[in-house]
Amino acid sequence: MGTVVQNQFIKFHDNIRLNVNDNKDVIAKRNMLIEEIRVYIKKMYEEKGIKLIRFEVFNQGSYSMGTGIKPINDEGDYDIDCGLLFEISIKDYTSIQVKQFVYDALNSNQFRTVEWKKACIRVQYTEQGLPKFHIDFACYSNANDNGKTYLAKGTPTSASENRKWEETEPKKLRDLINNKLADDEECSQFKREIRDMKRWKDNQFNSVNGKPTGIAFTALAYNGFKSSTKDPFTWGQDINDLKATKDFVNYILGQFGWDDRIRVSLPVLPGNDLFKKMTDQQCKNLKEKLEKLRDALVEAEQETDPHEACKILRKQFGDDFTVPAKEDTGQSRKKAVAGTSESA
Amino acid sequence: MDKGEFKKLIEDTGILLENTEANLPALTKRGLAFGISGIAKVEGKKMNITVAVSKKFPNEHPTFFLLNQKNFDPIPHIEDDGFICYTHDDTLVLDIDNPAGIIQDCFVFAVQTLRDGLNKRNYDDFYNEYEAYWRRLKNTATLFTNIIIGSEVEVLKCTRFKAKDSLFVASDQTDRIDSYQRFFTAKDNAPQFFNGLFIPLIRGSRVFIPKRDTELSIQQIQRLVQDSVSEENKKRIERALIKTKLEELIVFCLPQPNGFHSLFGVRLKGIYHSKHPLLSADTKVTIIPLTVVRLDPEYMLARGGTGLKFFGKKALVIGGGSVGSLICEELIKAAVINVDVVDKETLQPENCYRHSCGFMYLEKNKAVAIKTKLEGYYPHAKVSAIGMPIEDALEKKKLNLKKYDIIIVATGNATINQYLNKVFRQEVPGKPVLYSWLDPLGIGGHCLITNMAAVGCYQCLYTNDDLHNSASFADKSQPKSFSKNITGCGTVYVPYGSLDALDTSILTVRKLLDIFLEREQENSIFSWRGNCDQFTSEGYKLSHRFFLTEEQLSQSRTNFYKVNCKVCGSKRKNI
């Protein structure tokens, strides 16, 4: 594939990638929140005699897997996931009790809102001068006799059966994704692929309804992504994101059943179907969009003019996929004259 | 080894009983130094056998004689002096440090020949080797033939050529008759042809076995015709003898048990035209037996390894340079005798040590030089030379691409090749086209098979930003040009050796034959890889492909196809 189109894929990725480490303010806020939780728990111990609960903090979600993307047009906000591994057993406290600790610890500042979510406590920042972002604190019980880890689920208003400790493997998904491919180029392309598809879905679906989740694409990529970093003929390096994307989309389409539903399990516990919340019609809709994406990728691949190829791709991936000007492709165009090594 | 040692050797082997020193005239006649005679029992029969050797023994195999062959029915492979032909020199390897073993093992072969003969197991060999027996007749002359072997009596055209005091005979077809000029490069006036007769014999005929140094009689010939010619052919003989002015020459064709044919002839001197000896009882005629030397393509080309499988195929070779000239020659040798070659250039001194034509064709157009050389070397070759640029040849309709079974492009010019690629896809889709070229300084050569399917063409190799042949073993980035320049612009060339051209042409012709045999049916590329020392010592860089294993090269041979190729990709534009 020409270098022009590949370069545009790299630029697209650079435009959409979210690397929170680049934003020190966000990091500082996160660390501050974690410190507030520690302080609160220590206060509970000193003032109320509640046993001191220690906890370990780790990054999870796209932030930890290197697959985070910016919201489109700065309309949405960043999503940062943080795991709190409490050294408690599920017999010591209920899931709601533990989440209540965190809620109370953080619900004390006017420049942020704290809300209950089924699987976490969310802190939403709207402070002036900061990017819009929220941090989801997932609370885990990590000191059980059976060695397992459990996620605190439910809200104070949930039905009783939904207020529970759920067995989980919080670090395993991160490790699976980060360790899937040993080769640096292949790993980089793998991460780019996930990001590209996440941005594609954000570009194709206007509302949350019927939009597949980022974790769904991550799981699909984990299962079916095949890198394209070598030329199949010369076996030399030829990083080809266009081909990799086409192959990946073909793989996803292959996961749809005869009923036009797609099912993919989270690769770690609880192993739930990540498309369960989508209706049949929404699945069908997704499939149609993926087919259009595949056709566009095939068309772009066959296009001899990189300018035209990028125009096709931009329609699918959005404005962050830039199209080089015709003059630019002319200047960096293929050679028309070169020295020969052939003779007879 | 002296006589005494040899005698002891034979005694030690125990192959013969009652050993005595042999005194046969045949020993001297056959250049043998000494021999030992004795008795051996074969199939319960007493055989008087002599084992003899030359002074070169044990570097040569021993010779055996059956001295009492008259006591038995005729045995094949036994000559009149008793010589037992149990091997041909070039089919045995001897352990020269084990002379006793050589004697014993060769004796086994000789005895097997006798055993098979006594049991009539090899009786067919008389007829499989009939020509050899015919050759032993007295006063034989040589007859060169270019005859189509058929099952019906046919009139032949014969001529004498004084240079060899021999005869030439051909089937009555223009190309067969005209072949005389090719075989004998006759500079005299056009030869005069007279008529002869081709008479096929019935398969399985047990014709007489000629004895050494005997003369033929007309009765033998008459009986041969009477007993071994079909009734239909007898009628044809009668008609021919009445209608045509037949002179003196008859060629018989005996189908051999092994599927081949023995040809042997007679020349009848002193006949009267009104009474041909085959139709009359007149015995006043002199018979000269004729030993046939076959020059027909069916015979000569059958020994080329590929047989006659590709005899009718037609090939177009575009480019008569080092690689193209070698390809043309190997095609002829593989019995692809119809070759058209196109080249606009003339042979220059600096080409001579790479080109198959060499210095004697200096300043000649390369295509013409190839035609001249190959038609001189290979009498059945039919080479047409088109001494003009290929673009002109196509434009002026000098070539009918559809008539060829295969096209080989050996121009060494990537620009022309791209153009030809488009032309062939449009004009003759599905017709195999092979591109053959070298990389510089001996690092390798390539053969691309294309046009057999819709996807995968020459242009795919150049579908990249660098306009670089992706199959090349040379990297796309080089510190300097490959072209060498010794005396100025007029003599710029890309360096490679004659062996490199040879390797490339061998690869190409092998792939061509594989296509004919349907072993290759996909568009694919094959490469041979040479030594890179000179290449790298001159500062050039090798491509990644050079370092692939043979297995990787083989696995990726169909992976050169580019989906965005402007010629064969799905968005190919009109040519």
# chains A, B, ... in the order shown; residues from 1 in each chain; ligands from 1
call {"tool": "interface_residues", "arguments": {"of": "chain A", "to": "chain B", "cutoff": "9 Å", "atoms": "only C-alpha atoms", "output": "VMD selection string"}}
result
chain A and resid 1 to 3 231 to 237 299 to 304 332 to 344
call {"tool": "write_last_selection", "arguments": {"atoms": "N, CA and C atoms", "output": "tab-separated table (two decimals), in the first residue's frame"}}
result
chain	number	residue	atom	x	y	z
A	1	MET	N	0.85	-1.19	0.00
A	1	MET	CA	0.00	0.00	0.00
A	1	MET	C	0.88	1.22	0.00
A	2	GLY	N	0.43	2.23	-0.66
A	2	GLY	CA	1.27	3.42	-0.75
A	2	GLY	C	1.51	4.03	0.62
A	3	THR	N	2.63	4.71	0.69
A	3	THR	CA	2.97	5.33	1.96
A	3	THR	C	2.04	6.48	2.28
A	231	ASP	N	5.19	-7.34	4.06
A	231	ASP	CA	4.77	-7.55	2.68
A	231	ASP	C	4.72	-9.06	2.43
A	232	PRO	N	3.58	-9.58	1.98
A	232	PRO	CA	3.48	-11.03	1.82
A	232	PRO	C	4.36	-11.59	0.72
A	233	PHE	N	4.90	-10.70	-0.11
A	233	PHE	CA	5.73	-11.17	-1.21
A	233	PHE	C	7.21	-11.07	-0.86
A	234	THR	N	7.64	-9.88	-0.44
A	234	THR	CA	9.06	-9.70	-0.15
A	234	THR	C	9.40	-10.05	1.29
A	235	TRP	N	8.37	-10.16	2.14
A	235	TRP	CA	8.51	-10.44	3.58
A	235	TRP	C	9.24	-9.30	4.29
A	236	GLY	N	9.43	-8.20	3.59
A	236	GLY	CA	10.02	-7.05	4.25
A	236	GLY	C	8.94	-6.29	5.01
A	237	GLN	N	9.38	-5.32	5.79
A	237	GLN	CA	8.39	-4.58	6.58
A	237	GLN	C	7.50	-3.76	5.65
A	299	GLU	N	-12.66	-0.61	-1.62
A	299	GLU	CA	-12.57	0.39	-2.70
A	299	GLU	C	-11.32	1.25	-2.53
A	300	ALA	N	-11.05	1.64	-1.29
A	300	ALA	CA	-9.86	2.46	-1.05
A	300	ALA	C	-8.60	1.67	-1.37
A	301	GLU	N	-8.62	0.39	-1.07
A	301	GLU	CA	-7.44	-0.44	-1.30
A	301	GLU	C	-7.15	-0.56	-2.80
A	302	GLN	N	-8.21	-0.62	-3.57
A	302	GLN	CA	-8.03	-0.79	-5.00
A	302	GLN	C	-7.78	0.53	-5.71
A	303	GLU	N	-7.99	1.62	-5.01
A	303	GLU	CA	-7.84	2.94	-5.61
A	303	GLU	C	-6.37	3.23	-5.89
A	304	THR	N	-6.05	3.64	-7.10
A	304	THR	CA	-4.65	3.90	-7.44
A	304	THR	C	-4.23	5.30	-7.02
A	332	SER	N	4.56	14.02	-3.31
A	332	SER	CA	5.10	12.81	-2.71
A	332	SER	C	4.64	11.61	-3.50
A	333	ARG	N	4.33	11.81	-4.76
A	333	ARG	CA	3.79	10.74	-5.58
A	333	ARG	C	4.85	9.71	-5.87
A	334	LYS	N	4.37	8.66	-6.49
A	334	LYS	CA	5.28	7.63	-6.94
A	334	LYS	C	6.27	8.20	-7.95
A	335	LYS	N	7.43	7.56	-8.00
A	335	LYS	CA	8.42	7.95	-9.00
A	335	LYS	C	7.90	7.62	-10.39
A	336	ALA	N	8.26	8.47	-11.33
A	336	ALA	CA	7.94	8.17	-12.72
A	336	ALA	C	9.18	7.69	-13.47
A	337	VAL	N	10.33	7.90	-12.90
A	337	VAL	CA	11.59	7.47	-13.52
A	337	VAL	C	12.47	6.92	-12.41
A	338	ALA	N	13.09	5.79	-12.66
A	338	ALA	CA	14.00	5.22	-11.66
A	338	ALA	C	15.07	4.41	-12.36
A	339	GLY	N	16.17	4.19	-11.68
A	339	GLY	CA	17.22	3.33	-12.22
A	339	GLY	C	16.76	1.89	-12.22
A	340	THR	N	17.24	1.13	-13.17
A	340	THR	CA	16.78	-0.25	-13.29
A	340	THR	C	17.85	-1.22	-12.82
A	341	SER	N	17.39	-2.38	-12.34
A	341	SER	CA	18.32	-3.47	-12.04
A	341	SER	C	18.10	-4.64	-12.97
A	342	GLU	N	17.11	-4.51	-13.86
A	342	GLU	CA	16.77	-5.62	-14.77
A	342	GLU	C	17.65	-5.62	-15.99
A	343	SER	N	17.96	-6.80	-16.46
A	343	SER	CA	18.64	-6.90	-17.77
A	343	SER	C	18.40	-8.30	-18.29
A	344	ALA	N	18.72	-8.50	-19.53
A	344	ALA	CA	18.60	-9.83	-20.14
A	344	ALA	C	19.58	-9.94	-21.30
call {"tool": "residues_around", "arguments": {"residues": "Met278 (chain A)", "least_positions_apart": "2", "cutoff": "12 Å", "atoms": "only C-alpha atoms", "output": "ChimeraX atom specification"}}
result
/A:208-213,216,260-263,273-276,280-286
call {"tool": "residues_around", "arguments": {"residues": "region 285-288 of chain B", "least_positions_apart": "5", "cutoff": "10 Å", "atoms": "only C-alpha atoms", "output": "count of residues only"}}
result
23
call {"tool": "select_by_dssp", "arguments": {"residues": "region 250-478 of chain B", "states": "strand (DSSP E or B)", "output": "number ranges by chain"}}
result
B: 250-255, 261-269, 272, 275, 286-294, 314-318, 338-342, 346, 365, 382-386, 406-409, 433-438, 444-450, 474
call {"tool": "atom_distance", "arguments": {"atom1": "CA of Glu232 (chain B)", "atom2": "CA of Asn128 (chain B)"}}
result
25.0 Å
call {"tool": "residues_around", "arguments": {"residues": "Thr450 (chain B)", "least_positions_apart": "3", "cutoff": "10 Å", "atoms": "only C-alpha atoms", "output": "number ranges by chain"}}
result
B: 421, 424-425, 429-435, 447, 453-458, 521-525
call {"tool": "write_last_selection", "arguments": {"atoms": "N, CA, C and O atoms", "output": "mmCIF file, in the first residue's frame"}}
result
data_model
loop_
_atom_site.group_PDB
_atom_site.id
_atom_site.type_symbol
_atom_site.label_atom_id
_atom_site.label_comp_id
_atom_site.auth_asym_id
_atom_site.auth_seq_id
_atom_site.Cartn_x
_atom_site.Cartn_y
_atom_site.Cartn_z
ATOM 1 N N ASN B 421 2.969 -5.961 -21.309
ATOM 2 C CA ASN B 421 2.035 -6.541 -20.334
ATOM 3 C C ASN B 421 0.601 -6.115 -20.652
ATOM 4 O O ASN B 421 -0.318 -6.932 -20.669
ATOM 5 N N PHE B 424 -0.595 -7.758 -24.068
ATOM 6 C CA PHE B 424 -0.932 -9.179 -24.013
ATOM 7 C C PHE B 424 -2.236 -9.407 -23.264
ATOM 8 O O PHE B 424 -3.040 -10.261 -23.622
ATOM 9 N N ARG B 425 -2.462 -8.630 -22.232
ATOM 10 C CA ARG B 425 -3.701 -8.799 -21.475
ATOM 11 C C ARG B 425 -4.910 -8.458 -22.326
ATOM 12 O O ARG B 425 -5.981 -9.024 -22.164
ATOM 13 N N PRO B 429 -5.623 -12.587 -23.791
ATOM 14 C CA PRO B 429 -5.810 -12.954 -22.382
ATOM 15 C C PRO B 429 -5.848 -14.469 -22.225
ATOM 16 O O PRO B 429 -6.420 -15.165 -23.061
ATOM 17 N N GLY B 430 -5.193 -14.944 -21.209
ATOM 18 C CA GLY B 430 -5.183 -16.382 -20.967
ATOM 19 C C GLY B 430 -4.017 -17.108 -21.599
ATOM 20 O O GLY B 430 -3.713 -18.245 -21.243
ATOM 21 N N LYS B 431 -3.328 -16.459 -22.516
ATOM 22 C CA LYS B 431 -2.163 -17.101 -23.140
ATOM 23 C C LYS B 431 -0.966 -16.896 -22.232
ATOM 24 O O LYS B 431 -0.647 -15.774 -21.868
ATOM 25 N N PRO B 432 -0.262 -17.950 -21.869
ATOM 26 C CA PRO B 432 0.833 -17.785 -20.912
ATOM 27 C C PRO B 432 1.925 -16.867 -21.457
ATOM 28 O O PRO B 432 2.345 -16.992 -22.611
ATOM 29 N N VAL B 433 2.351 -15.944 -20.603
ATOM 30 C CA VAL B 433 3.462 -15.058 -20.951
ATOM 31 C C VAL B 433 4.489 -15.169 -19.839
ATOM 32 O O VAL B 433 4.143 -15.060 -18.660
ATOM 33 N N LEU B 434 5.718 -15.408 -20.223
ATOM 34 C CA LEU B 434 6.801 -15.499 -19.241
ATOM 35 C C LEU B 434 7.733 -14.312 -19.412
ATOM 36 O O LEU B 434 8.160 -14.022 -20.530
ATOM 37 N N TYR B 435 8.030 -13.645 -18.323
ATOM 38 C CA TYR B 435 9.032 -12.586 -18.336
ATOM 39 C C TYR B 435 10.294 -13.149 -17.678
ATOM 40 O O TYR B 435 10.214 -13.747 -16.599
ATOM 41 N N CYS B 447 11.912 -15.561 -13.259
ATOM 42 C CA CYS B 447 10.972 -15.883 -14.329
ATOM 43 C C CYS B 447 9.572 -15.658 -13.773
ATOM 44 O O CYS B 447 9.183 -16.310 -12.796
ATOM 45 N N ALA B 453 -4.035 -16.090 -15.586
ATOM 46 C CA ALA B 453 -5.258 -15.755 -14.866
ATOM 47 C C ALA B 453 -5.390 -14.242 -14.881
ATOM 48 O O ALA B 453 -4.456 -13.529 -15.266
ATOM 49 N N ALA B 454 -6.519 -13.744 -14.433
ATOM 50 C CA ALA B 454 -6.791 -12.317 -14.548
ATOM 51 C C ALA B 454 -5.933 -11.483 -13.611
ATOM 52 O O ALA B 454 -5.557 -10.360 -13.933
ATOM 53 N N VAL B 455 -5.616 -12.020 -12.426
ATOM 54 C CA VAL B 455 -4.897 -11.205 -11.454
ATOM 55 C C VAL B 455 -3.446 -11.647 -11.346
ATOM 56 O O VAL B 455 -3.125 -12.820 -11.435
ATOM 57 N N GLY B 456 -2.600 -10.652 -11.131
ATOM 58 C CA GLY B 456 -1.172 -10.926 -11.034
ATOM 59 C C GLY B 456 -0.508 -10.724 -12.374
ATOM 60 O O GLY B 456 -0.579 -11.586 -13.246
ATOM 61 N N CYS B 457 0.140 -9.559 -12.565
ATOM 62 C CA CYS B 457 0.763 -9.286 -13.863
ATOM 63 C C CYS B 457 2.110 -8.612 -13.623
ATOM 64 O O CYS B 457 2.505 -8.349 -12.502
ATOM 65 N N TYR B 458 2.797 -8.316 -14.721
ATOM 66 C CA TYR B 458 4.112 -7.699 -14.605
ATOM 67 C C TYR B 458 4.016 -6.350 -13.893
ATOM 68 O O TYR B 458 4.896 -5.981 -13.110
ATOM 69 N N GLN B 521 -0.036 -23.626 -13.251
ATOM 70 C CA GLN B 521 -1.302 -23.115 -13.791
ATOM 71 C C GLN B 521 -1.671 -21.774 -13.193
ATOM 72 O O GLN B 521 -2.753 -21.256 -13.445
ATOM 73 N N GLU B 522 -0.767 -21.244 -12.348
ATOM 74 C CA GLU B 522 -1.063 -19.968 -11.697
ATOM 75 C C GLU B 522 -0.049 -18.925 -12.131
ATOM 76 O O GLU B 522 1.089 -19.252 -12.468
ATOM 77 N N ASN B 523 -0.458 -17.672 -12.052
ATOM 78 C CA ASN B 523 0.520 -16.601 -12.215
ATOM 79 C C ASN B 523 1.442 -16.634 -11.011
ATOM 80 O O ASN B 523 0.987 -16.525 -9.876
ATOM 81 N N SER B 524 2.724 -16.811 -11.254
ATOM 82 C CA SER B 524 3.641 -16.930 -10.130
ATOM 83 C C SER B 524 5.034 -16.520 -10.576
ATOM 84 O O SER B 524 5.305 -16.389 -11.757
ATOM 85 N N ILE B 525 5.899 -16.323 -9.586
ATOM 86 C CA ILE B 525 7.250 -15.895 -9.913
ATOM 87 C C ILE B 525 8.244 -16.839 -9.277
ATOM 88 O O ILE B 525 8.069 -17.283 -8.133
#
call {"tool": "atom_distance", "arguments": {"atom1": "CA of Phe101 (chain A)", "atom2": "CA of Ala159 (chain A)"}}
result
20.1 Å
